[in-house]
file my_file.pdb (PDB, C-alpha atoms)
ATOM      1  CA  PHE A  26      57.440 102.945 169.888  1.00  0.00           C
ATOM      2  CA  PRO A  27      58.352  99.279 169.523  1.00  0.00           C
ATOM      3  CA  GLU A  28      61.553  98.152 171.157  1.00  0.00           C
ATOM      4  CA  PRO A  29      64.322  97.731 168.552  1.00  0.00           C
ATOM      5  CA  GLN A  30      65.537  94.182 168.057  1.00  0.00           C
ATOM      6  CA  ALA A  31      68.989  93.208 166.859  1.00  0.00           C
ATOM      7  CA  LEU A  32      69.344  91.859 163.343  1.00  0.00           C
ATOM      8  CA  LEU A  33      72.139  89.322 163.439  1.00  0.00           C
ATOM      9  CA  SER A  34      73.526  87.441 160.492  1.00  0.00           C
ATOM     10  CA  THR A  35      74.334  83.750 160.475  1.00  0.00           C
ATOM     11  CA  THR A  36      77.960  84.708 159.729  1.00  0.00           C
ATOM     12  CA  PRO A  37      79.210  87.318 162.200  1.00  0.00           C
ATOM     13  CA  ARG A  38      82.796  87.194 160.880  1.00  0.00           C
ATOM     14  CA  LEU A  39      84.116  86.253 157.475  1.00  0.00           C
ATOM     15  CA  PRO A  40      87.531  84.707 156.954  1.00  0.00           C
ATOM     16  CA  GLY A  41      89.838  86.735 154.768  1.00  0.00           C
ATOM     17  CA  THR A  42      91.823  85.521 151.804  1.00  0.00           C
ATOM     18  CA  ASP A  43      94.555  84.236 154.125  1.00  0.00           C
ATOM     19  CA  GLY A  44      92.199  82.356 156.478  1.00  0.00           C
ATOM     20  CA  ARG A  45      92.339  84.906 159.323  1.00  0.00           C
ATOM     21  CA  THR A  46      89.390  87.185 160.101  1.00  0.00           C
ATOM     22  CA  MET A  47      88.786  89.523 157.161  1.00  0.00           C
ATOM     23  CA  HIS A  48      90.169  92.957 157.951  1.00  0.00           C
ATOM     24  CA  THR A  49      91.574  95.734 155.803  1.00  0.00           C
ATOM     25  CA  CYS A  50      94.593  96.268 158.043  1.00  0.00           C
ATOM     26  CA  TYR A  51      95.566  92.604 157.478  1.00  0.00           C
ATOM     27  CA  GLY A  52      95.387  93.135 153.720  1.00  0.00           C
ATOM     28  CA  ASN A  53      93.132  90.106 153.322  1.00  0.00           C
ATOM     29  CA  SER A  54      89.826  91.786 152.490  1.00  0.00           C
ATOM     30  CA  ILE A  55      87.658  91.619 149.382  1.00  0.00           C
ATOM     31  CA  PRO A  56      86.801  95.203 148.350  1.00  0.00           C
ATOM     32  CA  LEU A  57      83.239  95.879 147.198  1.00  0.00           C
ATOM     33  CA  ALA A  58      84.510  97.933 144.271  1.00  0.00           C
ATOM     34  CA  ALA A  59      86.983  95.314 143.023  1.00  0.00           C
ATOM     35  CA  SER A  60      86.866  94.577 139.306  1.00  0.00           C
ATOM     36  CA  PRO A  61      86.010  91.055 138.110  1.00  0.00           C
ATOM     37  CA  GLN A  62      89.708  90.461 137.387  1.00  0.00           C
ATOM     38  CA  GLU A  63      90.708  91.612 140.875  1.00  0.00           C
ATOM     39  CA  LEU A  64      88.019  89.420 142.442  1.00  0.00           C
ATOM     40  CA  LYS A  65      89.228  86.402 140.512  1.00  0.00           C
ATOM     41  CA  LYS A  66      92.825  87.065 141.596  1.00  0.00           C
ATOM     42  CA  LEU A  67      91.768  87.434 145.247  1.00  0.00           C
ATOM     43  CA  VAL A  68      89.662  84.263 145.230  1.00  0.00           C
ATOM     44  CA  TRP A  69      92.403  82.244 143.543  1.00  0.00           C
ATOM     45  CA  SER A  70      94.805  83.328 146.288  1.00  0.00           C
ATOM     46  CA  MET A  71      92.443  82.230 149.087  1.00  0.00           C
ATOM     47  CA  VAL A  72      93.457  79.566 151.565  1.00  0.00           C
ATOM     48  CA  THR A  73      91.503  76.318 151.276  1.00  0.00           C
ATOM     49  CA  ASP A  74      91.080  73.199 153.413  1.00  0.00           C
ATOM     50  CA  PRO A  75      94.528  72.607 154.989  1.00  0.00           C
ATOM     51  CA  ALA A  76      93.816  68.891 155.490  1.00  0.00           C
ATOM     52  CA  ARG A  77      93.041  68.296 151.811  1.00  0.00           C
ATOM     53  CA  ILE A  78      96.342  67.433 150.130  1.00  0.00           C
ATOM     54  CA  HIS A  79      95.222  65.844 146.841  1.00  0.00           C
ATOM     55  CA  ALA A  80      92.415  67.000 144.557  1.00  0.00           C
ATOM     56  CA  HIS A  81      90.106  64.060 145.249  1.00  0.00           C
ATOM     57  CA  ASP A  82      90.765  63.659 148.983  1.00  0.00           C
ATOM     58  CA  LEU A  83      87.727  63.954 151.197  1.00  0.00           C
ATOM     59  CA  GLY A  84      87.201  67.621 152.091  1.00  0.00           C
ATOM     60  CA  HIS A  85      86.374  69.378 155.342  1.00  0.00           C
ATOM     61  CA  PRO A  86      84.216  72.390 154.407  1.00  0.00           C
ATOM     62  CA  ASP A  87      83.616  73.213 158.076  1.00  0.00           C
ATOM     63  CA  ILE A  88      87.232  74.392 158.432  1.00  0.00           C
ATOM     64  CA  CYS A  89      87.709  75.688 154.878  1.00  0.00           C
ATOM     65  CA  PRO A  90      87.701  79.522 154.663  1.00  0.00           C
ATOM     66  CA  LEU A  91      86.556  79.310 151.049  1.00  0.00           C
ATOM     67  CA  SER A  92      83.435  77.374 152.063  1.00  0.00           C
ATOM     68  CA  GLN A  93      82.674  79.811 154.879  1.00  0.00           C
ATOM     69  CA  VAL A  94      82.686  82.795 152.511  1.00  0.00           C
ATOM     70  CA  HIS A  95      80.583  80.884 149.984  1.00  0.00           C
ATOM     71  CA  LEU A  96      78.094  79.902 152.689  1.00  0.00           C
ATOM     72  CA  ALA A  97      77.684  83.559 153.711  1.00  0.00           C
ATOM     73  CA  LEU A  98      76.890  84.575 150.119  1.00  0.00           C
ATOM     74  CA  ALA A  99      74.695  81.756 148.827  1.00  0.00           C
ATOM     75  CA  GLN A 100      73.620  79.214 151.403  1.00  0.00           C
ATOM     76  CA  PRO A 101      71.809  76.592 149.233  1.00  0.00           C
ATOM     77  CA  ALA A 102      74.492  76.496 146.529  1.00  0.00           C
ATOM     78  CA  ALA A 103      77.284  76.438 149.111  1.00  0.00           C
ATOM     79  CA  ALA A 104      75.656  73.561 150.980  1.00  0.00           C
ATOM     80  CA  ALA A 105      75.534  71.524 147.764  1.00  0.00           C
ATOM     81  CA  ILE A 106      79.209  72.167 146.993  1.00  0.00           C
ATOM     82  CA  ALA A 107      80.135  71.445 150.624  1.00  0.00           C
ATOM     83  CA  GLU A 108      78.461  68.043 150.354  1.00  0.00           C
ATOM     84  CA  GLU A 109      80.340  67.282 147.125  1.00  0.00           C
ATOM     85  CA  CYS A 110      83.552  68.444 148.813  1.00  0.00           C
ATOM     86  CA  ARG A 111      83.003  66.016 151.693  1.00  0.00           C
ATOM     87  CA  ARG A 112      82.729  63.186 149.160  1.00  0.00           C
ATOM     88  CA  GLY A 113      85.799  64.375 147.244  1.00  0.00           C
ATOM     89  CA  ALA A 114      83.694  64.893 144.107  1.00  0.00           C
ATOM     90  CA  VAL A 115      84.624  68.557 143.632  1.00  0.00           C
ATOM     91  CA  THR A 116      88.089  70.110 143.792  1.00  0.00           C
ATOM     92  CA  CYS A 117      89.110  73.314 145.542  1.00  0.00           C
ATOM     93  CA  VAL A 118      90.021  74.763 142.134  1.00  0.00           C
ATOM     94  CA  HIS A 119      86.450  74.234 140.897  1.00  0.00           C
ATOM     95  CA  HIS A 120      85.091  75.728 144.114  1.00  0.00           C
ATOM     96  CA  LYS A 121      87.276  78.831 143.698  1.00  0.00           C
ATOM     97  CA  GLY A 122      85.931  79.320 140.176  1.00  0.00           C
ATOM     98  CA  VAL A 123      82.330  79.091 141.410  1.00  0.00           C
ATOM     99  CA  LEU A 124      83.002  81.549 144.240  1.00  0.00           C
ATOM    100  CA  ALA A 125      84.754  84.035 141.919  1.00  0.00           C
ATOM    101  CA  GLU A 126      81.731  84.028 139.584  1.00  0.00           C
ATOM    102  CA  LEU A 127      79.335  84.443 142.510  1.00  0.00           C
ATOM    103  CA  LEU A 128      81.282  87.377 143.964  1.00  0.00           C
ATOM    104  CA  THR A 129      81.478  89.042 140.557  1.00  0.00           C
ATOM    105  CA  GLU A 130      77.726  88.675 140.117  1.00  0.00           C
ATOM    106  CA  GLN A 131      76.786  89.861 143.609  1.00  0.00           C
ATOM    107  CA  LEU A 132      79.157  92.840 143.681  1.00  0.00           C
ATOM    108  CA  GLU A 133      78.161  94.123 140.229  1.00  0.00           C
ATOM    109  CA  PRO A 134      75.486  96.526 141.625  1.00  0.00           C
ATOM    110  CA  PHE A 135      78.069  98.118 143.957  1.00  0.00           C
ATOM    111  CA  ARG A 136      80.508  98.631 141.094  1.00  0.00           C
ATOM    112  CA  ARG A 137      77.797 100.050 138.819  1.00  0.00           C
ATOM    113  CA  ILE A 138      76.521 102.563 141.407  1.00  0.00           C
ATOM    114  CA  ARG A 139      80.047 103.568 142.357  1.00  0.00           C
ATOM    115  CA  GLU A 140      80.878 104.196 138.702  1.00  0.00           C
ATOM    116  CA  GLN A 141      77.745 106.326 138.281  1.00  0.00           C
ATOM    117  CA  TRP A 142      78.732 108.510 141.235  1.00  0.00           C
ATOM    118  CA  ARG A 143      82.355 108.738 140.154  1.00  0.00           C
ATOM    119  CA  VAL A 144      81.396 110.098 136.722  1.00  0.00           C
ATOM    120  CA  ALA A 145      78.792 112.554 138.068  1.00  0.00           C
TER     121      ALA A 145
END
call {"tool": "encode", "arguments": {"input": "my_file.pdb", "output": "structure tokens"}}
result
Amino acid sequence: FPEPQALLSTTPRLPGTDGRTMHTCYGNSIPLAASPQELKKLVWSMVTDPARIHAHDLGHPDICPLSQVHLALAQPAAAAIAEECRRGAVTCVHHKGVLAELLTEQLEPFRRIREQWRVA
């Protein structure tokens, strides 16, 4: 038998909605079965770049929890928004809207399968 090798992700820990490590006991997690409305509410409550005071200030996506979650879900798109954030061309509000749509899209299969099993 071949020796098993570890499969590690590029993001070992995700920040939660409050900026700390995502954990259900902290109450800052994003449930897989959350409805689109719940996802939007959770994303809009997320902590963003603490050093970015005004909408068009230069951003710091490396320390922004919102950017870290986005990077874990869609690396190419997140890198593009991170670059715009660094230039101050995109606001945190816009970024939250993009992330809410992405989460809704990517978690749709989980919701659909869960609903199928709930009805059966």
call {"tool": "resolve_selection", "arguments": {"input": "my_file.pdb", "expression": "the PyMOL selection byres ((chain A and resi 81-86) around 12)", "output": "VMD selection string"}}
result
chain A and resid 73 to 80 87 to 96 103 to 120
call {"tool": "closest_residue", "arguments": {"input": "my_file.pdb", "among": "A:Ala125, A:Ala102, A:Leu64, A:Ile55", "to": "Thr42 of chain A", "atoms": "all atoms listed in the file"}}
result
A:Ile55
call {"tool": "closest_residue", "arguments": {"input": "my_file.pdb", "among": "A:Leu132, A:Ala97, A:Glu126, A:Pro61", "to": "Thr35 of chain A", "atoms": "only C-alpha atoms"}}
result
A:Ala97
call {"tool": "resolve_selection", "arguments": {"input": "my_file.pdb", "expression": "the PyMOL selection byres ((chain A and resi 134-144) around 9)", "output": "list in words"}}
result
Leu57, Ala58, Ala59, Ser60, Glu130, Gln131, Leu132, Glu133 and Ala145 of chain A
call {"tool": "atom_distance", "arguments": {"input": "my_file.pdb", "atom1": "atom CA of Gly122 of chain A", "atom2": "atom CA of Trp69 of chain A"}}
result
7.9 Å
call {"tool": "residues_around", "arguments": {"input": "my_file.pdb", "residues": "segment 46-53 of chain A", "least_positions_apart": "4", "cutoff": "10 Å", "atoms": "only C-alpha atoms", "output": "list of chain:residue names"}}
result
A:Arg38, A:Leu39, A:Pro40, A:Gly41, A:Thr42, A:Leu67, A:Ser70, A:Met71, A:Pro90
call {"tool": "atom_distance", "arguments": {"input": "my_file.pdb", "atom1": "atom CA of Gln30 of chain A", "atom2": "atom CA of Leu98 of chain A"}}
result
23.3 Å
call {"tool": "atom_distance", "arguments": {"input": "my_file.pdb", "atom1": "atom CA of Leu32 of chain A", "atom2": "atom CA of Leu124 of chain A"}}
result
25.6 Å
call {"tool": "closest_residue", "arguments": {"input": "my_file.pdb", "among": "A:Leu33, A:Phe26, A:Leu128, A:Pro101", "to": "Lys65 of chain A", "atoms": "all atoms listed in the file"}}
result
A:Leu128
